[in-house]
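Structure record follows, encoded as structure tokens.
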Number of protein chains: 2
Amino acid sequence: MNNKFRIPKATAKRLPLYYRYLLLLNDEGKDKVSSTELAEAVQVDSASIRRDFSYFGALGKRGYGYDVKNLLSFFKKILNQDTLTNVALIGVGNLGHALLNYNFKRSNNIRISCAFDINPEITGKITQGVPVYSMDEMKQQIADQQIRIAILTVPQATDQKTADEMIEAGIKGIMNFTPIRLSAPNGVRIQNVDLATELQTLIYFLDSDEMIKKQLEERKKAMNNTNK
Amino acid sequence: MNNKFRIPKATAKRLPLYYRYLLLLNDEGKDKVSSTELAEAVQVDSASIRRDFSYFGALGKRGYGYDVKNLLSFFKKILNQDTLTNVALIGVGNLGHALLNYNFKRSNNIRISCAFDINPEITGKITQGVPVYSMDEMKQQIADQQIRIAILTVPQATDQKTADEMIEAGIKGIMNFTPIRLSAPNGVRIQNVDLATELQTLIYFLDSDEMIKKQLEERKKAMNNTNK
DNA sequence: CCTTTTTATTGAACTTTTTCACAAATTGAT
DNA sequence: ATCAATTTGTGAAAAAGTTCAATAAAAAGG
């Protein structure tokens, strides 16, 4: 028996994407979908899609494509979408508020079930249907509710300490919106979401696109001059 | 003359990370930094860091490390941090508001200089120091202000149409927070930021971690039984 | 029933990214 | 001046990820 369970990281990252589009197709009443069709919608090369699916065995039918309902229920299980996942929100500032309003439940079966903040003006109340506790209560609540996943949107400074506390309370996965790279023991996953960095990367790519374009133009001009 | 300018994508994505940490070090008054030290802070293998830097030439000194000020001013240029980058915000909902409050300027020299929305209750006003225009004015404003980059946080549905309009107005880079994979002509970059997807990926990894752990335990147990 | 078309599956080639590991340069101590 | 300790820069190997393209199965059309 070999490790059939080790799915490439790159593939795993694309699964939710596939899943969401399959949900959409299903809602539209579509019965089948081909890798080419999927490729266009999710903007992943069709060969990659076929390769990705193949890690889970032969999910399709040659000459036909993939059965939407089949694929959907398969991925539903793979992605743990049949059970509701409760997550904690640490830090109810601007971004935290936005996330409270975000409807993760709709197509992901994820729910923010409790939030924590230091600001006494918002703690002890219910915001967007979610109770906001003080930070002192965090450890207890997370442990009691057996929450494994937390979204960290505190405004910096104390983040590592906060993370340590969360992990102590039983958190196994952190979606980290702070710019600090948290350190965590083995068995705890950190997913960094760094908005400023991504924006800057975008700018970098744009500038280098432009530079390459300029160089090409200059080279062309030089060629023309030599040919005269 | 060969293409010395083509920096690997993976490297480019890490540059803003390095930059931010270098800013921090400089603020702390540190003069030099080694790849090992950097590695720990940004959680990238030290060999990768050296490799990344080497694409730009020999930036360090053997037996010494990298000069913080030197490196910083070099990356400042590379990342276009010496000029302020204006970006547009399309959609001032919850997430949009959070982004308006986000201080991109502090360590990234990026500023949201105008925002757009359909909601007449917020258009025509200035929010967080940023004027909010109606969608009708978008094309004009983007063109007039020569904005190349936009953050798209509209609540779905019309997004492709909105994107097309933006591109027509001169936008070259879109940071897309909507779940839809936008299509764009050549020369326009789309950076997708998909919060629900990332959260789901995290859950997937957690579950597979757990499964692997369980399997290992079972295998161990089986081994023990055989050895008896 | 045969032929053509469609489309998944997958070995193999290819590309990109990461990591190893060591020579070469530099520092700092003695 | 010498030697030990550091630390970069980088060939080369390994690993991860993507794409090509041959094959096989199924569907559709005649």
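Order determines the names: the first chain of the structure tokens is A, the second B, and so forth; residues in each chain are numbered 1 upward, and ligands are numbered 1 upward as they are shown.
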Note to self: Show me, as a PyMOL selection string, every residue of chain C with an atom at most 9 Å from chain B, counting only C-alpha atoms (C1' of nucleotides).
What the structure shows: chain C and resi 16-19+24-27
Selection above as a file: C-alpha atoms (C1' of nucleotides), as a PDB file, in the first residue's frame:
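File written: part-v2.pdb
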```pdb
ATOM      1  C1'  DT C  16      10.533  26.053 -12.859  1.00  0.00           C
ATOM      2  C1'  DT C  17      11.819  26.141  -8.207  1.00  0.00           C
ATOM      3  C1'  DT C  18      14.288  24.565  -4.332  1.00  0.00           C
ATOM      4  C1'  DT C  19      18.073  22.665  -2.023  1.00  0.00           C
ATOM      5  C1'  DA C  24      36.191  31.912  -2.681  1.00  0.00           C
ATOM      6  C1'  DA C  25      36.186  36.085  -0.236  1.00  0.00           C
ATOM      7  C1'  DT C  26      36.159  38.590   3.992  1.00  0.00           C
ATOM      8  C1'  DT C  27      36.520  39.466   8.816  1.00  0.00           C
TER       9       DT C  27
END
```
Note to self: Could you list, as a PyMOL selection string, every residue within 9 Å of DC20 in chain C, counting only C-alpha atoms (C1' of nucleotides) and ignoring same-chain residues fewer than 2 positions away?
What the structure shows: chain D and resi 12-14
Item checked: Neighbours of chain A in chain D at 8 Å, counting only C-alpha atoms (C1' of nucleotides), as a PyMOL selection string -> chain D and resi 17-19+25-27
Keeping only all heavy atoms, write the selected residues to a file as a compact mmCIF listing (two decimals), in the first residue's frame.
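After the write, part-v8.txt holds the following:
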```txt
# COMPACT_ATOMS: atom_id res chain seq x y z
P DG D 17 4.33 21.19 -6.06
OP1 DG D 17 3.76 22.33 -5.33
OP2 DG D 17 3.79 19.82 -5.89
O5' DG D 17 4.30 21.53 -7.61
C5' DG D 17 4.82 22.77 -8.05
C4' DG D 17 4.67 22.86 -9.53
O4' DG D 17 5.54 21.88 -10.14
C3' DG D 17 3.26 22.56 -10.05
O3' DG D 17 2.82 23.72 -10.73
C2' DG D 17 3.44 21.34 -10.96
C1' DG D 17 4.91 21.41 -11.31
N9 DG D 17 5.55 20.14 -11.64
C8 DG D 17 5.59 19.00 -10.89
N7 DG D 17 6.27 18.04 -11.46
C5 DG D 17 6.70 18.58 -12.65
C6 DG D 17 7.48 18.00 -13.69
O6 DG D 17 7.96 16.87 -13.76
N1 DG D 17 7.70 18.91 -14.74
C2 DG D 17 7.21 20.20 -14.77
N2 DG D 17 7.51 20.92 -15.84
N3 DG D 17 6.50 20.74 -13.81
C4 DG D 17 6.27 19.89 -12.78
P DT D 18 1.45 23.73 -11.57
OP1 DT D 18 0.94 25.11 -11.54
OP2 DT D 18 0.62 22.59 -11.15
O5' DT D 18 1.98 23.44 -13.04
C5' DT D 18 2.97 24.29 -13.58
C4' DT D 18 3.23 23.88 -15.01
O4' DT D 18 3.85 22.59 -15.06
C3' DT D 18 1.98 23.80 -15.89
O3' DT D 18 2.23 24.65 -16.99
C2' DT D 18 1.88 22.30 -16.25
C1' DT D 18 3.33 21.86 -16.14
N1 DT D 18 3.61 20.43 -15.80
C2 DT D 18 4.41 19.69 -16.62
O2 DT D 18 4.89 20.12 -17.66
N3 DT D 18 4.64 18.41 -16.21
C4 DT D 18 4.16 17.81 -15.05
O4 DT D 18 4.45 16.65 -14.78
C5 DT D 18 3.33 18.64 -14.23
C7 DT D 18 2.75 18.08 -12.96
C6 DT D 18 3.09 19.90 -14.63
P DT D 19 1.11 24.92 -18.11
OP1 DT D 19 1.34 26.26 -18.67
OP2 DT D 19 -0.22 24.55 -17.59
O5' DT D 19 1.52 23.85 -19.20
C5' DT D 19 2.80 23.98 -19.81
C4' DT D 19 3.00 22.81 -20.75
O4' DT D 19 3.14 21.59 -20.01
C3' DT D 19 1.86 22.58 -21.76
O3' DT D 19 2.43 22.75 -23.05
C2' DT D 19 1.38 21.15 -21.47
C1' DT D 19 2.61 20.54 -20.79
N1 DT D 19 2.37 19.42 -19.83
C2 DT D 19 3.08 18.25 -19.97
O2 DT D 19 3.88 18.07 -20.87
N3 DT D 19 2.82 17.29 -19.03
C4 DT D 19 1.93 17.38 -17.97
O4 DT D 19 1.79 16.44 -17.19
C5 DT D 19 1.22 18.63 -17.88
C7 DT D 19 0.23 18.82 -16.77
C6 DT D 19 1.47 19.57 -18.79
P DA D 25 -9.39 0.58 -23.48
OP1 DA D 25 -8.96 -0.13 -22.27
OP2 DA D 25 -9.49 -0.10 -24.80
O5' DA D 25 -10.78 1.27 -23.18
C5' DA D 25 -10.85 2.26 -22.15
C4' DA D 25 -11.85 3.29 -22.54
O4' DA D 25 -11.39 4.05 -23.68
C3' DA D 25 -13.21 2.72 -22.94
O3' DA D 25 -14.12 3.12 -21.95
C2' DA D 25 -13.52 3.35 -24.30
C1' DA D 25 -12.52 4.49 -24.38
N9 DA D 25 -12.05 4.89 -25.71
C8 DA D 25 -11.34 4.15 -26.60
N7 DA D 25 -11.03 4.79 -27.72
C5 DA D 25 -11.58 6.05 -27.53
C6 DA D 25 -11.60 7.20 -28.35
N6 DA D 25 -11.03 7.26 -29.55
N1 DA D 25 -12.23 8.30 -27.87
C2 DA D 25 -12.80 8.21 -26.66
N3 DA D 25 -12.86 7.20 -25.80
C4 DA D 25 -12.21 6.13 -26.30
P DA D 26 -15.56 2.51 -21.84
OP1 DA D 26 -15.88 2.47 -20.39
OP2 DA D 26 -15.66 1.30 -22.67
O5' DA D 26 -16.45 3.65 -22.50
C5' DA D 26 -16.39 4.96 -21.95
C4' DA D 26 -16.95 5.93 -22.94
O4' DA D 26 -16.12 5.98 -24.11
C3' DA D 26 -18.35 5.58 -23.44
O3' DA D 26 -19.23 6.56 -22.92
C2' DA D 26 -18.25 5.62 -24.97
C1' DA D 26 -16.92 6.34 -25.20
N9 DA D 26 -16.19 5.96 -26.40
C8 DA D 26 -15.65 4.75 -26.71
N7 DA D 26 -15.01 4.71 -27.86
C5 DA D 26 -15.13 6.00 -28.34
C6 DA D 26 -14.66 6.62 -29.52
N6 DA D 26 -13.95 5.98 -30.46
N1 DA D 26 -14.95 7.93 -29.69
C2 DA D 26 -15.66 8.56 -28.75
N3 DA D 26 -16.15 8.09 -27.59
C4 DA D 26 -15.85 6.79 -27.45
P DA D 27 -20.77 6.57 -23.28
OP1 DA D 27 -21.45 7.24 -22.15
OP2 DA D 27 -21.20 5.24 -23.74
O5' DA D 27 -20.79 7.57 -24.53
C5' DA D 27 -20.29 8.88 -24.35
C4' DA D 27 -20.46 9.65 -25.64
O4' DA D 27 -19.58 9.09 -26.65
C3' DA D 27 -21.87 9.60 -26.22
O3' DA D 27 -22.21 10.92 -26.58
C2' DA D 27 -21.74 8.68 -27.43
C1' DA D 27 -20.30 8.89 -27.85
N9 DA D 27 -19.63 7.78 -28.53
C8 DA D 27 -19.58 6.47 -28.14
N7 DA D 27 -18.87 5.70 -28.93
C5 DA D 27 -18.43 6.57 -29.92
C6 DA D 27 -17.63 6.37 -31.06
N6 DA D 27 -17.11 5.19 -31.41
N1 DA D 27 -17.37 7.45 -31.84
C2 DA D 27 -17.89 8.64 -31.48
N3 DA D 27 -18.64 8.94 -30.43
C4 DA D 27 -18.88 7.85 -29.69
```
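Interatomic distance, CA of Val154 in chain A against CA of Ser134 in chain A: 12.9 Å.
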Margin query: as a ChimeraX atom specification, could you give me every residue of chain A near chain B (at most 6 Å apart, counting only C-alpha atoms)?
Written below: /A:13,16,79,94-95,98,197,201,204
Check: Please, which residues of range 9-137 of chain B, numbered as in this document, come out alpha helix (DSSP H) from DSSP, as a VMD selection string?
Finding: chain B and resid 9 to 27 35 to 42 46 to 54 68 to 78 94 to 101 104 to 108
Item checked: Computed interatomic separation between CA of Ile49 in chain A and C1' of DA22 in chain D (Å) -> 18.6 Å
